[in-house]
file target_27.cif (mmCIF, C-alpha atoms)
data_coords
#
loop_
_atom_site.label_atom_id
_atom_site.label_comp_id
_atom_site.auth_asym_id
_atom_site.auth_seq_id
_atom_site.Cartn_x
_atom_site.Cartn_y
_atom_site.Cartn_z
CA MET A 1 -1.68 5.38 20.55
CA VAL A 2 -4.95 4.86 18.67
CA ALA A 3 -6.71 4.10 21.96
CA ARG A 4 -5.50 7.49 23.22
CA GLY A 5 -6.94 9.36 20.22
CA VAL A 6 -3.90 9.70 17.96
CA ARG A 7 -5.41 10.14 14.50
CA PHE A 8 -2.49 9.02 12.33
CA VAL A 9 0.23 6.50 13.13
CA LEU A 10 2.96 5.39 10.74
CA LEU A 11 4.85 2.19 11.47
CA PHE A 12 7.78 1.04 9.38
CA LEU A 13 10.87 -1.11 9.55
CA ASN A 14 14.11 0.82 9.32
CA SER A 15 16.64 0.28 6.52
CA LEU A 16 13.95 -0.54 3.91
CA PRO A 17 14.22 -4.33 4.31
CA TRP A 18 11.37 -5.00 1.87
CA ASP A 19 13.32 -3.38 -0.97
CA ASN A 20 14.71 -6.79 -1.94
CA HIS A 21 16.97 -6.11 -4.91
CA THR A 22 19.43 -8.77 -3.72
CA ASN A 23 19.56 -11.79 -1.40
CA ILE A 24 15.81 -12.32 -1.39
CA LYS A 25 16.11 -16.05 -0.71
CA SER A 26 18.08 -15.55 2.51
CA ALA A 27 16.67 -12.16 3.60
CA LEU A 28 12.92 -12.49 3.06
CA PRO A 29 12.20 -15.20 5.68
CA GLY A 30 13.76 -13.07 8.42
CA ILE A 31 11.89 -9.96 7.34
CA CYS A 32 8.63 -11.92 7.40
CA ARG A 33 9.43 -13.20 10.90
CA ARG A 34 9.97 -9.59 12.03
CA THR A 35 6.61 -8.44 10.69
CA ASP A 36 4.04 -11.24 10.46
CA LYS A 37 3.38 -11.79 14.17
CA PRO A 38 3.43 -8.10 15.12
CA ALA A 39 1.03 -7.27 12.27
CA ALA A 40 -1.33 -10.06 13.30
CA ALA A 41 -1.09 -8.94 16.93
CA LEU A 42 -1.97 -5.36 15.94
CA VAL A 43 -5.12 -6.47 14.10
CA THR A 44 -6.09 -8.81 16.96
CA ASP A 45 -5.53 -6.13 19.60
CA LEU A 46 -7.48 -3.46 17.71
CA LYS A 47 -10.36 -5.89 17.22
CA ARG A 48 -10.31 -6.97 20.89
CA ARG A 49 -10.44 -3.33 22.02
CA GLY A 50 -13.26 -2.48 19.60
CA LEU A 51 -11.01 -0.14 17.61
CA LEU A 52 -10.63 -2.03 14.34
CA ASP A 53 -13.79 -0.67 12.76
CA SER A 54 -12.61 2.89 13.32
CA THR A 55 -8.93 2.30 12.49
CA LEU A 56 -7.84 1.97 8.88
CA LEU A 57 -4.78 -0.22 8.38
CA VAL A 58 -2.87 0.14 5.11
CA TRP A 59 0.15 -2.01 4.35
CA ASN A 60 2.05 -1.34 1.14
CA GLY A 61 5.40 -0.50 -0.37
CA GLU A 62 6.43 2.09 -2.87
CA PHE A 63 6.20 -0.32 -5.82
CA GLY A 64 5.08 -3.77 -6.72
CA ARG A 65 7.70 -6.42 -7.33
CA LEU A 66 8.54 -8.07 -10.63
CA PRO A 67 7.73 -11.78 -10.85
CA ILE A 68 11.21 -12.50 -12.21
CA SER A 69 14.64 -12.56 -10.60
CA GLN A 70 16.89 -9.55 -10.77
CA PHE A 71 20.62 -10.15 -11.05
CA GLN A 72 23.09 -7.36 -10.45
CA THR A 73 26.75 -7.56 -11.38
CA GLY A 74 28.88 -7.90 -8.28
CA LYS A 75 25.94 -8.75 -6.01
CA PRO A 76 25.86 -12.13 -4.28
CA ALA A 77 22.33 -13.29 -5.10
CA ALA A 78 19.13 -12.52 -6.95
CA GLY A 79 16.37 -10.20 -5.84
CA ARG A 80 13.27 -8.67 -7.41
CA ASP A 81 13.19 -5.25 -9.00
CA HIS A 82 10.36 -2.70 -8.86
CA ASN A 83 7.22 -3.31 -10.89
CA PRO A 84 5.30 -0.12 -11.73
CA TYR A 85 2.61 -2.12 -13.58
CA ALA A 86 1.21 -4.17 -10.69
CA PHE A 87 1.30 -3.83 -6.92
CA SER A 88 -0.46 -5.21 -3.91
CA VAL A 89 -1.86 -3.33 -0.95
CA TRP A 90 -3.25 -4.97 2.17
CA MET A 91 -5.98 -3.04 3.98
CA ALA A 92 -8.11 -3.85 7.00
CA GLY A 93 -10.54 -2.19 9.40
CA GLY A 94 -11.73 1.38 9.00
CA GLY A 95 -14.55 0.62 6.58
CA ILE A 96 -12.77 -1.95 4.40
CA LYS A 97 -14.79 -4.98 3.28
CA GLY A 98 -12.92 -7.87 4.92
CA GLY A 99 -11.68 -10.72 2.76
CA THR A 100 -12.01 -8.76 -0.46
CA VAL A 101 -9.58 -9.21 -3.32
CA TYR A 102 -9.79 -6.43 -5.87
CA GLY A 103 -8.00 -6.76 -9.17
CA ALA A 104 -5.72 -9.36 -10.68
CA THR A 105 -2.55 -9.59 -12.70
CA ASP A 106 -1.80 -11.53 -15.86
CA GLU A 107 -0.71 -15.14 -15.51
CA PHE A 108 2.90 -14.02 -14.97
CA GLY A 109 2.15 -11.40 -12.30
CA MET A 110 3.70 -8.78 -14.55
CA ARG A 111 0.78 -6.41 -15.25
CA ALA A 112 -2.57 -5.60 -13.71
CA VAL A 113 -5.32 -6.80 -16.04
CA GLU A 114 -8.51 -6.87 -13.96
CA ASN A 115 -10.01 -3.93 -12.02
CA ARG A 116 -6.93 -1.86 -12.67
CA ALA A 117 -6.48 0.98 -10.22
CA HIS A 118 -4.01 3.84 -10.18
CA VAL A 119 -2.21 4.96 -7.05
CA ARG A 120 -4.43 8.08 -7.25
CA ASP A 121 -7.44 5.76 -6.82
CA LEU A 122 -5.84 4.23 -3.74
CA HIS A 123 -5.23 7.70 -2.30
CA ALA A 124 -8.78 8.83 -3.11
CA THR A 125 -10.15 5.70 -1.39
CA ILE A 126 -8.00 6.14 1.72
CA LEU A 127 -9.01 9.79 1.99
CA HIS A 128 -12.67 8.82 1.55
CA LEU A 129 -12.38 6.27 4.35
CA MET A 130 -10.86 9.01 6.51
CA GLY A 131 -13.89 11.20 5.83
CA LEU A 132 -12.21 13.47 3.28
CA ASP A 133 -13.23 14.20 -0.31
CA HIS A 134 -10.02 14.21 -2.34
CA GLU A 135 -11.53 16.64 -4.84
CA GLN A 136 -12.07 19.19 -2.07
CA LEU A 137 -8.36 19.10 -1.17
CA THR A 138 -7.50 21.34 -4.12
CA PHE A 139 -5.31 24.41 -4.01
CA ARG A 140 -4.39 26.82 -6.77
CA HIS A 141 -0.76 27.59 -7.43
CA SER A 142 0.69 29.45 -10.42
CA GLY A 143 -2.64 29.33 -12.22
CA ARG A 144 -3.09 25.55 -11.87
CA ASP A 145 -5.15 23.44 -9.51
CA PHE A 146 -3.20 20.86 -7.48
CA ARG A 147 -4.33 18.05 -5.21
CA LEU A 148 -2.94 14.80 -3.80
CA THR A 149 -4.76 12.77 -6.45
CA ASP A 150 -3.71 15.21 -9.20
CA VAL A 151 -6.27 15.36 -12.00
CA GLY A 152 -7.53 11.82 -11.47
CA GLY A 153 -8.48 9.56 -8.64
CA ARG A 154 -11.69 7.69 -8.03
CA VAL A 155 -12.91 6.04 -4.86
CA ILE A 156 -12.85 2.23 -5.19
CA HIS A 157 -16.29 1.53 -3.71
CA ASP A 158 -16.04 -2.25 -4.27
CA ILE A 159 -13.64 -2.59 -1.32
CA ILE A 160 -15.68 -0.49 1.09
CA ALA A 161 -17.97 -2.28 3.55
#
call {"tool": "encode", "arguments": {"input": "target_27.cif", "output": "structure tokens"}}
result
Amino acid sequence: MVARGVRFVLLFLNSLPWDNHTNIKSALPGICRRTDKPAAALVTDLKRRGLLDSTLLVWNGEFGRLPISQFQTGKPAAGRDHNPYAFSVWMAGGGIKGGTVYGATDEFGMRAVENRAHVRDLHATILHLMGLDHEQLTFRHSGRDFRLTDVGGRVIHDIIA
């Protein structure tokens, strides 16, 4: 689709398999098998066709995951609950500096402690890489300015090539 000029493509697995609140030990290996090779093939194919530099790949979930097990009454096995204090995003192509790690968590993986970024910063950076200034995407409604990055958002230049 990208080779044909489609500007935005969203790929996802149905049934939210990454939302591992239970059975992570038995479920996660299968989910990884369903995604690892196709994701690697996508990057390889885009690079082979000369499209990786102009295609931004963003892989993330809606939350990070806690570094501790989550047990739920009546559920067969442990999982990992949402972590709003630390999350990982994998990005490639489209102006991203390859091999870059930005930020770090504490020794438990519980909270971001180094180069902390808000989701608004991620959105501002993605928009910047797409050639859009997030601050220009402002509209007034009921006497207040609104935009995707709300009142914050900064471009994370350290991850841009």
call {"tool": "residues_around", "arguments": {"input": "target_27.cif", "residues": "segment 89-98 of chain A", "least_positions_apart": "5", "cutoff": "12 Å", "atoms": "only C-alpha atoms", "output": "ChimeraX atom specification"}}
result
/A:39-40,42-44,46-47,50-65,103,117-119,122-123,125-131,156-161
call {"tool": "write_last_selection", "arguments": {"input": "target_27.cif", "atoms": "C-alpha atoms", "output": "mmCIF file, keeping the file's coordinate frame"}}
result
data_model
loop_
_atom_site.group_PDB
_atom_site.id
_atom_site.type_symbol
_atom_site.label_atom_id
_atom_site.label_comp_id
_atom_site.auth_asym_id
_atom_site.auth_seq_id
_atom_site.Cartn_x
_atom_site.Cartn_y
_atom_site.Cartn_z
ATOM 1 C CA ALA A 39 1.030 -7.270 12.270
ATOM 2 C CA ALA A 40 -1.330 -10.060 13.300
ATOM 3 C CA LEU A 42 -1.970 -5.360 15.940
ATOM 4 C CA VAL A 43 -5.120 -6.470 14.100
ATOM 5 C CA THR A 44 -6.090 -8.810 16.960
ATOM 6 C CA LEU A 46 -7.480 -3.460 17.710
ATOM 7 C CA LYS A 47 -10.360 -5.890 17.220
ATOM 8 C CA GLY A 50 -13.260 -2.480 19.600
ATOM 9 C CA LEU A 51 -11.010 -0.140 17.610
ATOM 10 C CA LEU A 52 -10.630 -2.030 14.340
ATOM 11 C CA ASP A 53 -13.790 -0.670 12.760
ATOM 12 C CA SER A 54 -12.610 2.890 13.320
ATOM 13 C CA THR A 55 -8.930 2.300 12.490
ATOM 14 C CA LEU A 56 -7.840 1.970 8.880
ATOM 15 C CA LEU A 57 -4.780 -0.220 8.380
ATOM 16 C CA VAL A 58 -2.870 0.140 5.110
ATOM 17 C CA TRP A 59 0.150 -2.010 4.350
ATOM 18 C CA ASN A 60 2.050 -1.340 1.140
ATOM 19 C CA GLY A 61 5.400 -0.500 -0.370
ATOM 20 C CA GLU A 62 6.430 2.090 -2.870
ATOM 21 C CA PHE A 63 6.200 -0.320 -5.820
ATOM 22 C CA GLY A 64 5.080 -3.770 -6.720
ATOM 23 C CA ARG A 65 7.700 -6.420 -7.330
ATOM 24 C CA GLY A 103 -8.000 -6.760 -9.170
ATOM 25 C CA ALA A 117 -6.480 0.980 -10.220
ATOM 26 C CA HIS A 118 -4.010 3.840 -10.180
ATOM 27 C CA VAL A 119 -2.210 4.960 -7.050
ATOM 28 C CA LEU A 122 -5.840 4.230 -3.740
ATOM 29 C CA HIS A 123 -5.230 7.700 -2.300
ATOM 30 C CA THR A 125 -10.150 5.700 -1.390
ATOM 31 C CA ILE A 126 -8.000 6.140 1.720
ATOM 32 C CA LEU A 127 -9.010 9.790 1.990
ATOM 33 C CA HIS A 128 -12.670 8.820 1.550
ATOM 34 C CA LEU A 129 -12.380 6.270 4.350
ATOM 35 C CA MET A 130 -10.860 9.010 6.510
ATOM 36 C CA GLY A 131 -13.890 11.200 5.830
ATOM 37 C CA ILE A 156 -12.850 2.230 -5.190
ATOM 38 C CA HIS A 157 -16.290 1.530 -3.710
ATOM 39 C CA ASP A 158 -16.040 -2.250 -4.270
ATOM 40 C CA ILE A 159 -13.640 -2.590 -1.320
ATOM 41 C CA ILE A 160 -15.680 -0.490 1.090
ATOM 42 C CA ALA A 161 -17.970 -2.280 3.550
#
call {"tool": "resolve_selection", "arguments": {"input": "target_27.cif", "expression": "the PyMOL selection byres ((chain A and resi 83) around 12)", "output": "ChimeraX atom specification"}}
result
/A:19,21,61-70,80-82,84-88,105,109-112
call {"tool": "resolve_selection", "arguments": {"input": "target_27.cif", "expression": "the PyMOL selection byres ((chain A and resi 137) around 10)", "output": "CSV table (one decimal) with C-alpha atoms, keeping the file's coordinate frame"}}
result
chain,number,residue,atom,x,y,z
A,127,LEU,CA,-9.0,9.8,2.0
A,132,LEU,CA,-12.2,13.5,3.3
A,133,ASP,CA,-13.2,14.2,-0.3
A,134,HIS,CA,-10.0,14.2,-2.3
A,135,GLU,CA,-11.5,16.6,-4.8
A,136,GLN,CA,-12.1,19.2,-2.1
A,138,THR,CA,-7.5,21.3,-4.1
A,139,PHE,CA,-5.3,24.4,-4.0
A,145,ASP,CA,-5.2,23.4,-9.5
A,146,PHE,CA,-3.2,20.9,-7.5
A,147,ARG,CA,-4.3,18.0,-5.2
A,148,LEU,CA,-2.9,14.8,-3.8
A,149,THR,CA,-4.8,12.8,-6.4
call {"tool": "atom_distance", "arguments": {"input": "target_27.cif", "atom1": "atom CA of Thr100 of chain A", "atom2": "atom CA of Arg7 of chain A"}}
result
25.0 Å
call {"tool": "atom_distance", "arguments": {"input": "target_27.cif", "atom1": "atom CA of Val2 of chain A", "atom2": "atom CA of Ala41 of chain A"}}
result
14.4 Å
call {"tool": "atom_distance", "arguments": {"input": "target_27.cif", "atom1": "atom CA of Val6 of chain A", "atom2": "atom CA of Arg48 of chain A"}}
result
18.1 Å
call {"tool": "residues_around", "arguments": {"input": "target_27.cif", "residues": "Phe12 of chain A", "least_positions_apart": "4", "cutoff": "10 Å", "atoms": "all atoms listed in the file", "output": "list in words"}}
result
Leu16, Pro17, Thr35 and Trp59 of chain A
call {"tool": "closest_atom_pairs", "arguments": {"input": "target_27.cif", "of": "segment 46-161 of chain A", "to": "segment 22-29 of chain A", "cutoff": "9 Å", "atoms": "all atoms listed in the file", "output": "tab-separated table"}}
result
residue	atom	partner	partner_atom	distance
A:Gln70	CA	A:Thr22	CA	7.5
A:Phe71	CA	A:Thr22	CA	7.6
A:Gln72	CA	A:Thr22	CA	7.8
A:Lys75	CA	A:Thr22	CA	6.9
A:Pro76	CA	A:Asn23	CA	6.9
A:Ala77	CA	A:Asn23	CA	4.9
A:Ala78	CA	A:Thr22	CA	5.0
A:Gly79	CA	A:Thr22	CA	4.0
A:Arg80	CA	A:Thr22	CA	7.2
A:Asp81	CA	A:Thr22	CA	8.9
call {"tool": "residues_around", "arguments": {"input": "target_27.cif", "residues": "Asp121 of chain A", "least_positions_apart": "6", "cutoff": "7 Å", "atoms": "all atoms listed in the file", "output": "list of chain:residue names"}}
result
A:Gly153, A:Arg154, A:Val155, A:Ile156
